[in-house]
$ cat coords.cif   # mmCIF, C-alpha atoms
data_input
#
loop_
_atom_site.label_atom_id
_atom_site.label_comp_id
_atom_site.auth_asym_id
_atom_site.auth_seq_id
_atom_site.Cartn_x
_atom_site.Cartn_y
_atom_site.Cartn_z
CA MET A 22 91.50 94.28 124.94
CA THR A 23 94.11 94.98 127.58
CA THR A 24 97.74 93.98 127.88
CA ALA A 25 99.27 93.32 131.28
CA SER A 26 102.66 94.82 131.98
CA ALA A 27 105.22 92.51 133.56
CA GLY A 28 107.95 95.07 133.24
CA GLN A 29 108.38 95.84 136.92
CA GLY A 30 107.84 94.25 140.31
CA ALA A 31 108.20 90.62 141.30
CA ALA A 32 109.89 88.03 139.15
CA LYS A 33 107.66 86.42 136.53
CA CYS A 34 108.03 83.16 134.65
CA PHE A 35 107.60 82.97 130.87
CA GLY A 36 108.04 80.03 128.55
CA VAL A 37 107.59 78.29 125.22
CA LEU A 38 105.38 75.23 124.73
CA GLY A 39 106.18 72.82 121.91
CA ASP A 40 106.50 69.23 120.75
CA PRO A 41 109.45 68.99 120.14
CA VAL A 42 110.95 71.90 122.05
CA ALA A 43 114.39 70.80 123.32
CA HIS A 44 116.04 72.50 120.33
CA SER A 45 114.54 75.91 121.15
CA ARG A 46 116.90 78.83 121.61
CA SER A 47 114.14 81.06 122.92
CA PRO A 48 115.19 80.57 126.59
CA ALA A 49 118.70 81.88 125.92
CA MET A 50 117.37 84.78 123.84
CA HIS A 51 114.80 85.95 126.39
CA ALA A 52 117.18 85.43 129.32
CA ALA A 53 119.58 87.81 127.57
CA ALA A 54 116.81 90.37 127.11
CA PHE A 55 115.75 90.23 130.77
CA ALA A 56 119.39 90.58 131.86
CA ALA A 57 119.89 93.58 129.56
CA LEU A 58 116.77 95.18 131.02
CA GLY A 59 117.77 94.41 134.60
CA LEU A 60 114.64 92.31 135.18
CA PRO A 61 114.48 89.18 137.41
CA HIS A 62 112.21 87.19 135.07
CA ARG A 63 112.80 83.60 133.89
CA TYR A 64 111.99 81.94 130.56
CA LEU A 65 111.84 78.15 130.18
CA ALA A 66 111.05 75.58 127.48
CA PHE A 67 108.28 73.07 128.21
CA HIS A 68 107.65 69.91 126.25
CA VAL A 69 103.86 69.69 125.92
CA ALA A 70 102.07 67.05 123.84
CA PRO A 71 99.06 68.27 121.83
CA GLU A 72 96.54 66.57 124.09
CA ARG A 73 97.95 68.41 127.14
CA LEU A 74 98.02 71.91 125.63
CA ALA A 75 94.86 73.19 127.32
CA GLU A 76 96.04 71.96 130.73
CA ALA A 77 99.44 73.54 130.25
CA VAL A 78 98.12 76.94 129.19
CA ARG A 79 95.52 77.16 131.94
CA GLY A 80 98.04 75.90 134.49
CA ALA A 81 100.53 78.58 133.49
CA ARG A 82 97.86 81.24 133.89
CA ALA A 83 96.91 79.85 137.30
CA LEU A 84 100.56 79.85 138.39
CA GLY A 85 100.94 83.53 137.55
CA PHE A 86 103.09 83.26 134.42
CA GLY A 87 103.62 86.52 132.60
CA GLY A 88 103.03 84.95 129.20
CA LEU A 89 103.86 82.12 126.83
CA ASN A 90 105.13 81.43 123.36
CA LEU A 91 103.78 78.56 121.28
CA THR A 92 105.65 76.59 118.65
CA VAL A 93 104.97 73.48 116.56
CA PRO A 94 102.34 72.00 116.69
CA HIS A 95 100.31 74.29 118.94
CA LYS A 96 99.83 77.57 117.07
CA GLN A 97 96.43 76.83 115.55
CA ALA A 98 95.08 74.72 118.40
CA ALA A 99 95.74 77.54 120.87
CA LEU A 100 93.12 79.75 119.22
CA ALA A 101 90.36 77.87 121.02
CA LEU A 102 91.99 78.58 124.39
CA CYS A 103 92.03 82.36 124.01
CA ASP A 104 89.48 84.73 125.49
CA ASP A 105 90.49 87.46 123.04
CA LEU A 106 92.73 87.78 119.99
CA GLY A 107 94.94 90.50 118.61
CA PRO A 108 94.21 91.55 115.00
CA GLU A 109 97.10 89.60 113.48
CA ALA A 110 96.19 86.37 115.27
CA ARG A 111 92.54 86.77 114.25
CA ARG A 112 93.48 87.39 110.63
CA ILE A 113 96.10 84.64 110.40
CA GLY A 114 94.22 82.00 112.36
CA ALA A 115 97.22 81.06 114.50
CA VAL A 116 98.74 82.18 117.80
CA ASN A 117 102.40 82.22 118.83
CA THR A 118 102.23 84.53 121.85
CA LEU A 119 99.90 84.47 124.84
CA VAL A 120 99.49 87.37 127.25
CA PHE A 121 97.73 86.76 130.56
CA ALA A 122 95.85 90.01 131.11
CA ASP A 123 93.40 90.63 133.98
CA GLY A 124 92.64 86.92 134.24
CA ALA A 125 92.08 86.55 130.48
CA ILE A 126 94.17 84.71 127.90
CA VAL A 127 94.89 87.04 124.98
CA GLY A 128 96.40 85.49 121.83
CA HIS A 129 98.73 87.36 119.50
CA ASN A 130 100.78 86.48 116.47
CA THR A 131 104.22 88.08 116.13
CA ASP A 132 105.53 85.57 113.58
CA GLY A 133 104.46 87.60 110.55
CA ARG A 134 106.04 90.83 111.74
CA GLY A 135 109.11 88.87 112.77
CA PHE A 136 109.39 87.26 109.35
CA ALA A 137 109.03 90.57 107.51
CA ALA A 138 111.70 92.21 109.67
CA ALA A 139 114.03 89.26 109.11
CA VAL A 140 113.61 89.21 105.32
CA ARG A 141 114.35 92.92 105.14
CA GLN A 142 117.75 92.14 106.65
CA LEU A 143 118.53 90.31 103.39
CA SER A 144 117.04 92.85 100.99
CA SER A 145 114.39 95.56 101.03
CA LYS A 146 113.22 94.82 97.48
CA TYR A 147 109.55 94.11 96.88
CA VAL A 148 108.53 90.53 96.18
CA LEU A 149 107.00 89.73 92.79
CA LYS A 150 106.64 85.96 93.06
CA ALA A 151 106.89 84.11 96.34
CA MET A 152 106.64 80.40 97.00
CA VAL A 153 105.77 79.30 100.54
CA LEU A 154 106.10 75.64 101.51
CA GLY A 155 103.75 74.23 104.18
CA SER A 156 100.35 75.23 105.53
CA GLY A 157 100.75 75.25 109.33
CA GLY A 158 100.56 78.20 111.69
CA ALA A 159 103.98 79.60 110.78
CA ALA A 160 103.21 79.38 107.05
CA ARG A 161 99.97 81.29 107.57
CA ALA A 162 101.84 84.09 109.33
CA VAL A 163 104.49 84.18 106.60
CA VAL A 164 101.91 84.39 103.80
CA ASP A 165 100.07 87.15 105.67
CA ALA A 166 103.30 89.13 106.08
CA ILE A 167 104.28 88.73 102.43
CA VAL A 168 100.90 89.96 101.22
CA GLY A 169 100.63 92.76 103.77
CA GLU A 170 104.20 94.04 103.87
CA LEU A 171 106.48 92.63 101.17
CA LEU A 172 104.50 92.02 97.97
CA GLY A 173 104.96 94.49 95.15
CA PRO A 174 102.30 95.64 92.64
CA GLY A 175 101.11 92.70 90.57
CA GLY A 176 102.95 90.22 92.78
CA HIS A 177 101.56 86.88 93.86
CA VAL A 178 102.22 84.02 96.26
CA LEU A 179 102.24 80.33 95.38
CA TRP A 180 101.27 78.54 98.59
CA VAL A 181 102.35 74.90 98.43
CA SER A 182 100.47 72.35 100.50
CA ARG A 183 99.83 68.61 100.62
CA ASP A 184 96.11 69.42 100.40
CA PRO A 185 95.83 72.38 98.01
CA ALA A 186 92.07 71.94 97.54
CA ALA A 187 91.41 72.44 101.26
CA LEU A 188 93.76 75.40 101.35
CA ALA A 189 92.19 76.96 98.25
CA ALA A 190 88.80 76.83 99.96
CA GLU A 191 90.13 79.22 102.62
CA LEU A 192 91.49 81.77 100.12
CA PRO A 193 89.53 84.58 98.46
CA ALA A 194 89.04 84.07 94.73
CA GLY A 195 91.10 86.35 92.55
CA GLY A 196 93.49 87.31 95.33
CA PRO A 197 97.28 87.35 95.18
CA VAL A 198 97.60 83.98 96.94
CA VAL A 199 97.17 80.76 94.96
CA ALA A 200 97.13 77.29 96.55
CA ALA A 201 99.16 74.61 94.80
CA GLY A 202 100.37 71.06 95.32
CA TRP A 203 103.97 69.93 95.51
CA ASP A 204 103.90 69.04 91.83
CA ALA A 205 103.85 72.79 91.09
CA VAL A 206 107.27 73.59 92.56
CA GLY A 207 110.10 74.52 90.23
CA GLY A 208 108.29 77.19 88.22
CA ALA A 209 110.44 80.07 87.00
CA GLY A 210 110.50 83.59 88.39
CA VAL A 211 110.49 82.90 92.14
CA ASP A 212 112.25 85.73 93.98
CA LEU A 213 111.31 84.64 97.52
CA LEU A 214 111.20 80.99 98.61
CA VAL A 215 110.25 80.17 102.20
CA ASN A 216 110.30 76.76 103.86
CA CYS A 217 107.66 76.61 106.61
CA THR A 218 107.57 72.81 106.84
CA THR A 219 109.33 70.79 109.55
CA VAL A 220 111.85 69.33 107.08
CA GLY A 221 115.29 69.65 108.68
CA MET A 222 113.96 70.19 112.20
CA ALA A 223 115.31 68.01 115.00
CA HIS A 224 113.48 64.65 114.89
CA GLY A 225 111.56 65.87 111.83
CA PRO A 226 111.52 64.66 108.22
CA THR A 227 114.69 64.98 106.14
CA GLU A 228 113.19 65.24 102.65
CA TYR A 229 110.52 67.35 100.96
CA PRO A 230 107.69 65.82 98.93
CA ALA A 231 109.50 67.26 95.89
CA PRO A 232 113.25 67.08 95.16
CA ALA A 233 115.14 69.91 96.87
CA ALA A 234 116.88 70.69 93.58
CA ALA A 235 113.49 71.41 92.01
CA LEU A 236 112.73 73.95 94.73
CA VAL A 237 115.65 76.15 93.71
CA ALA A 238 115.43 75.53 89.96
CA GLY A 239 113.14 78.48 89.29
CA LEU A 240 114.85 81.10 91.45
CA THR A 241 115.60 84.48 89.91
CA SER A 242 119.05 86.04 90.16
CA GLY A 243 119.55 87.34 93.70
CA ALA A 244 116.41 85.65 95.01
CA ARG A 245 115.90 85.38 98.77
CA VAL A 246 115.50 81.92 100.31
CA VAL A 247 114.43 81.61 103.95
CA ASP A 248 114.23 78.36 105.89
CA ILE A 249 112.45 79.06 109.17
CA VAL A 250 114.00 75.89 110.63
CA TYR A 251 117.10 76.44 112.75
CA PRO A 252 119.93 75.73 113.04
CA ARG A 253 120.68 75.55 109.32
CA PRO A 254 120.83 71.88 108.26
CA ALA A 255 124.10 71.04 106.51
CA GLY A 256 123.58 70.15 102.87
CA GLY A 257 119.96 71.28 102.99
CA LEU A 258 117.84 73.78 101.10
CA LEU A 259 119.89 76.83 102.04
CA ASP A 260 123.16 75.28 100.86
CA LEU A 261 121.58 74.43 97.51
CA ALA A 262 120.09 77.90 97.17
CA GLU A 263 123.32 79.64 98.12
CA ALA A 264 125.20 77.62 95.53
CA ALA A 265 122.66 78.84 92.98
CA GLY A 266 123.40 82.47 93.90
CA ALA A 267 120.51 83.18 96.25
CA LEU A 268 120.59 85.27 99.42
CA VAL A 269 119.82 82.84 102.23
CA GLN A 270 118.70 82.99 105.85
CA ASP A 271 117.80 80.37 108.45
CA GLY A 272 115.12 80.75 111.09
CA LEU A 273 117.21 82.47 113.75
CA GLU A 274 116.57 86.00 112.48
CA MET A 275 112.81 85.42 112.37
CA LEU A 276 113.03 83.85 115.84
CA LEU A 277 114.81 86.97 117.06
CA TRP A 278 112.27 89.45 115.76
CA GLN A 279 109.15 87.55 116.72
CA GLY A 280 110.71 87.33 120.20
CA VAL A 281 111.36 91.07 120.27
CA PHE A 282 107.71 91.77 119.43
CA ALA A 283 106.43 89.11 121.87
CA GLU A 284 108.47 90.49 124.74
CA ALA A 285 107.25 94.00 124.02
CA LEU A 286 103.69 92.70 124.45
CA TRP A 287 104.53 91.02 127.77
CA LEU A 288 106.40 94.00 129.20
CA GLY A 289 104.14 96.69 127.80
CA ARG A 290 107.02 98.59 126.23
CA SER A 291 109.24 98.49 123.16
CA LEU A 292 112.78 97.12 123.35
CA GLY A 293 115.76 99.32 122.60
CA PRO A 294 118.54 98.43 120.13
CA GLU A 295 120.89 97.37 122.93
CA VAL A 296 118.35 94.77 124.11
CA VAL A 297 117.83 93.50 120.56
CA ALA A 298 121.61 93.22 120.18
CA ALA A 299 121.83 91.17 123.39
CA MET A 300 119.08 88.85 122.15
CA ARG A 301 120.79 88.38 118.79
CA ALA A 302 124.14 87.61 120.44
CA ALA A 303 122.50 84.93 122.58
CA LEU A 304 121.29 83.13 119.46
CA ARG A 305 124.73 82.76 117.86
#
$ encode --input "coords.cif" --output "structure tokens"
Amino acid sequence: MTTASAGQGAAKCFGVLGDPVAHSRSPAMHAAAFAALGLPHRYLAFHVAPERLAEAVRGARALGFGGLNLTVPHKQAALALCDDLGPEARRIGAVNTLVFADGAIVGHNTDGRGFAAAVRQLSSKYVLKAMVLGSGGAARAVVDAIVGELLGPGGHVLWVSRDPAALAAELPAGGPVVAAGWDAVGGAGVDLLVNCTTVGMAHGPTEYPAPAAALVAGLTSGARVVDIVYPRPAGGLLDLAEAAGALVQDGLEMLLWQGVFAEALWLGRSLGPEVVAAMRAALR
């Protein structure tokens, strides 16, 4: 597998495909990175309905784009459009970053690494009991990152889904991840709670299948609560969790770090701390 470098030469276009996508702060973040690097590239948000995803991806490749990001609801569907996959995307079963390399479409997933880096900003403690809400592409990356990077000895993950039986069929028996329905939320001992549903997103649902108060009822002292939705909805999960004494974080920090890792793939080089700082400033 090869990765094309768009770090030098003529201006390239990059973008994010989603439905919805108008709320995305990725264009501002990546514009700041290109400016800090002295590169002429552009990054734009494109509203793409699910039935037009294949056309959009292949069109971007034909137009000479340097790469793409994918957000809701395209991360799993994009797998079928890739000629090759990076190890994280293959393991997770979802793609958030596309690299156009030597005429091929190579799918990567930087969400998991981005999530792990973001959570460590809150605390570096190991996780003993995590509860992850939702079963889409972002949730799959988050669960993978918790198991691979954040889970302590004997720890486990309660993965909450509307269809726990279908989810359980995908999981290895006896592993640290257990599928559960929404009736299971509220159990004691949760030290990391992550919302990966679209609740609170622009034009998305406003309520969870379970009462929000039940979600924070079982949190341990000093638990971490991450809502990957951004910006932080007023009166939502994070406000409740913070009032209960939890360390809270919205989706902007995860957005930052997955963007850092995605851009490194596109440019073929790592980004220095001054570029990361410029990206973070653009998100605030």
$ residues_around --input "coords.cif" --residues "A:Val281" --least-positions-apart "6" --cutoff "9 Å" --atoms "all atoms listed in the file" --output "ChimeraX atom specification"
/A:51,54,131,135,291-292,296-297,300
$ write_last_selection --input "coords.cif" --atoms "C-alpha atoms" --output "short mmCIF file (atom, residue, chain, number, x, y, z; two decimals), keeping the file's coordinate frame"
data_model
loop_
_atom_site.label_atom_id
_atom_site.label_comp_id
_atom_site.auth_asym_id
_atom_site.auth_seq_id
_atom_site.Cartn_x
_atom_site.Cartn_y
_atom_site.Cartn_z
CA HIS A 51 114.80 85.95 126.39
CA ALA A 54 116.81 90.37 127.11
CA THR A 131 104.22 88.08 116.13
CA GLY A 135 109.11 88.87 112.77
CA SER A 291 109.24 98.49 123.16
CA LEU A 292 112.78 97.12 123.35
CA VAL A 296 118.35 94.77 124.11
CA VAL A 297 117.83 93.50 120.56
CA MET A 300 119.08 88.85 122.15
#
$ resolve_selection --input "coords.cif" --expression "the PyMOL selection byres ((chain A and resi 116) around 8)" --output "list in words"
Leu91, Lys96, Gln97, Ala99, Leu100, Ala110, Gly114, Ala115, Asn117, Thr118, Leu119, Gly128, His129, Asn130 and Gly158 of chain A
$ closest_residue --input "coords.cif" --among "A:Ala298, A:Val127, A:Ala151, A:Met222" --to "A:Leu102" --atoms "all atoms listed in the file"
A:Val127
$ closest_residue --input "coords.cif" --among "A:Ala159, A:Val164, A:Ala75, A:Ala303" --to "A:Gly272" --atoms "all atoms listed in the file"
A:Ala159
$ closest_residue --input "coords.cif" --among "A:Arg46, A:His62, A:Arg245, A:His177" --to "A:Arg141" --atoms "only C-alpha atoms"
A:Arg245
$ resolve_selection --input "coords.cif" --expression "the PyMOL selection byres ((chain A and resi 221) around 10)" --output "ChimeraX atom specification"
/A:216,218-220,222-229,248-255,257-258
$ closest_atom_pairs --input "coords.cif" --of "stretch 188-269 of chain A" --to "stretch 178-181 of chain A" --cutoff "12 Å" --atoms "all atoms listed in the file" --output "Markdown table"
| residue | atom | partner | partner_atom | distance |
| --- | --- | --- | --- | --- |
| A:Leu188 | CA | A:Trp180 | CA | 8.6 |
| A:Ala189 | CA | A:Trp180 | CA | 9.2 |
| A:Glu191 | CA | A:Trp180 | CA | 11.9 |
| A:Leu192 | CA | A:Trp180 | CA | 10.4 |
| A:Gly195 | CA | A:Val178 | CA | 12.0 |
| A:Gly196 | CA | A:Val178 | CA | 9.4 |
| A:Pro197 | CA | A:Val178 | CA | 6.1 |
| A:Val198 | CA | A:Val178 | CA | 4.7 |
| A:Val199 | CA | A:Leu179 | CA | 5.1 |
| A:Ala200 | CA | A:Trp180 | CA | 4.8 |
| A:Ala201 | CA | A:Val181 | CA | 4.8 |
| A:Gly202 | CA | A:Val181 | CA | 5.3 |
| A:Trp203 | CA | A:Val181 | CA | 6.0 |
| A:Asp204 | CA | A:Val181 | CA | 9.0 |
| A:Ala205 | CA | A:Val181 | CA | 7.8 |
| A:Val206 | CA | A:Val181 | CA | 7.8 |
| A:Gly207 | CA | A:Leu179 | CA | 11.0 |
| A:Gly208 | CA | A:Leu179 | CA | 9.9 |
| A:Ala209 | CA | A:Leu179 | CA | 11.7 |
| A:Gly210 | CA | A:Leu179 | CA | 11.3 |
| A:Val211 | CA | A:Leu179 | CA | 9.2 |
| A:Asp212 | CA | A:Val178 | CA | 10.4 |
| A:Leu213 | CA | A:Val178 | CA | 9.2 |
| A:Leu214 | CA | A:Leu179 | CA | 9.5 |
| A:Val215 | CA | A:Trp180 | CA | 9.8 |
| A:Asn216 | CA | A:Val181 | CA | 9.8 |
| A:Cys217 | CA | A:Val181 | CA | 9.9 |
| A:Thr218 | CA | A:Val181 | CA | 10.1 |
| A:Tyr229 | CA | A:Val181 | CA | 11.4 |
| A:Pro230 | CA | A:Val181 | CA | 10.5 |
| A:Ala231 | CA | A:Val181 | CA | 10.8 |
| A:Leu236 | CA | A:Val181 | CA | 11.1 |
$ resolve_selection --input "coords.cif" --expression "the PyMOL selection byres ((chain A and resi 85) around 10)" --output "MDAnalysis selection string"
chainID A and resid 33:35 80:84 86:88 121 124
$ atom_distance --input "coords.cif" --atom1 "atom CA of A:Asp260" --atom2 "atom CA of A:Leu276"
20.0 Å
$ closest_residue --input "coords.cif" --among "A:Trp287, A:Asp165, A:Pro185, A:His68" --to "A:Pro108" --atoms "only C-alpha atoms"
A:Asp165
$ closest_residue --input "coords.cif" --among "A:Gly243, A:Phe55, A:Thr92, A:Ile126" --to "A:Leu106" --atoms "only C-alpha atoms"
A:Ile126
$ atom_distance --input "coords.cif" --atom1 "atom CA of A:Glu274" --atom2 "atom CA of A:Ala139"
5.3 Å
$ closest_residue --input "coords.cif" --among "A:Gly157, A:Gly289, A:Gly175, A:Gly280" --to "A:Met50" --atoms "only C-alpha atoms"
A:Gly280
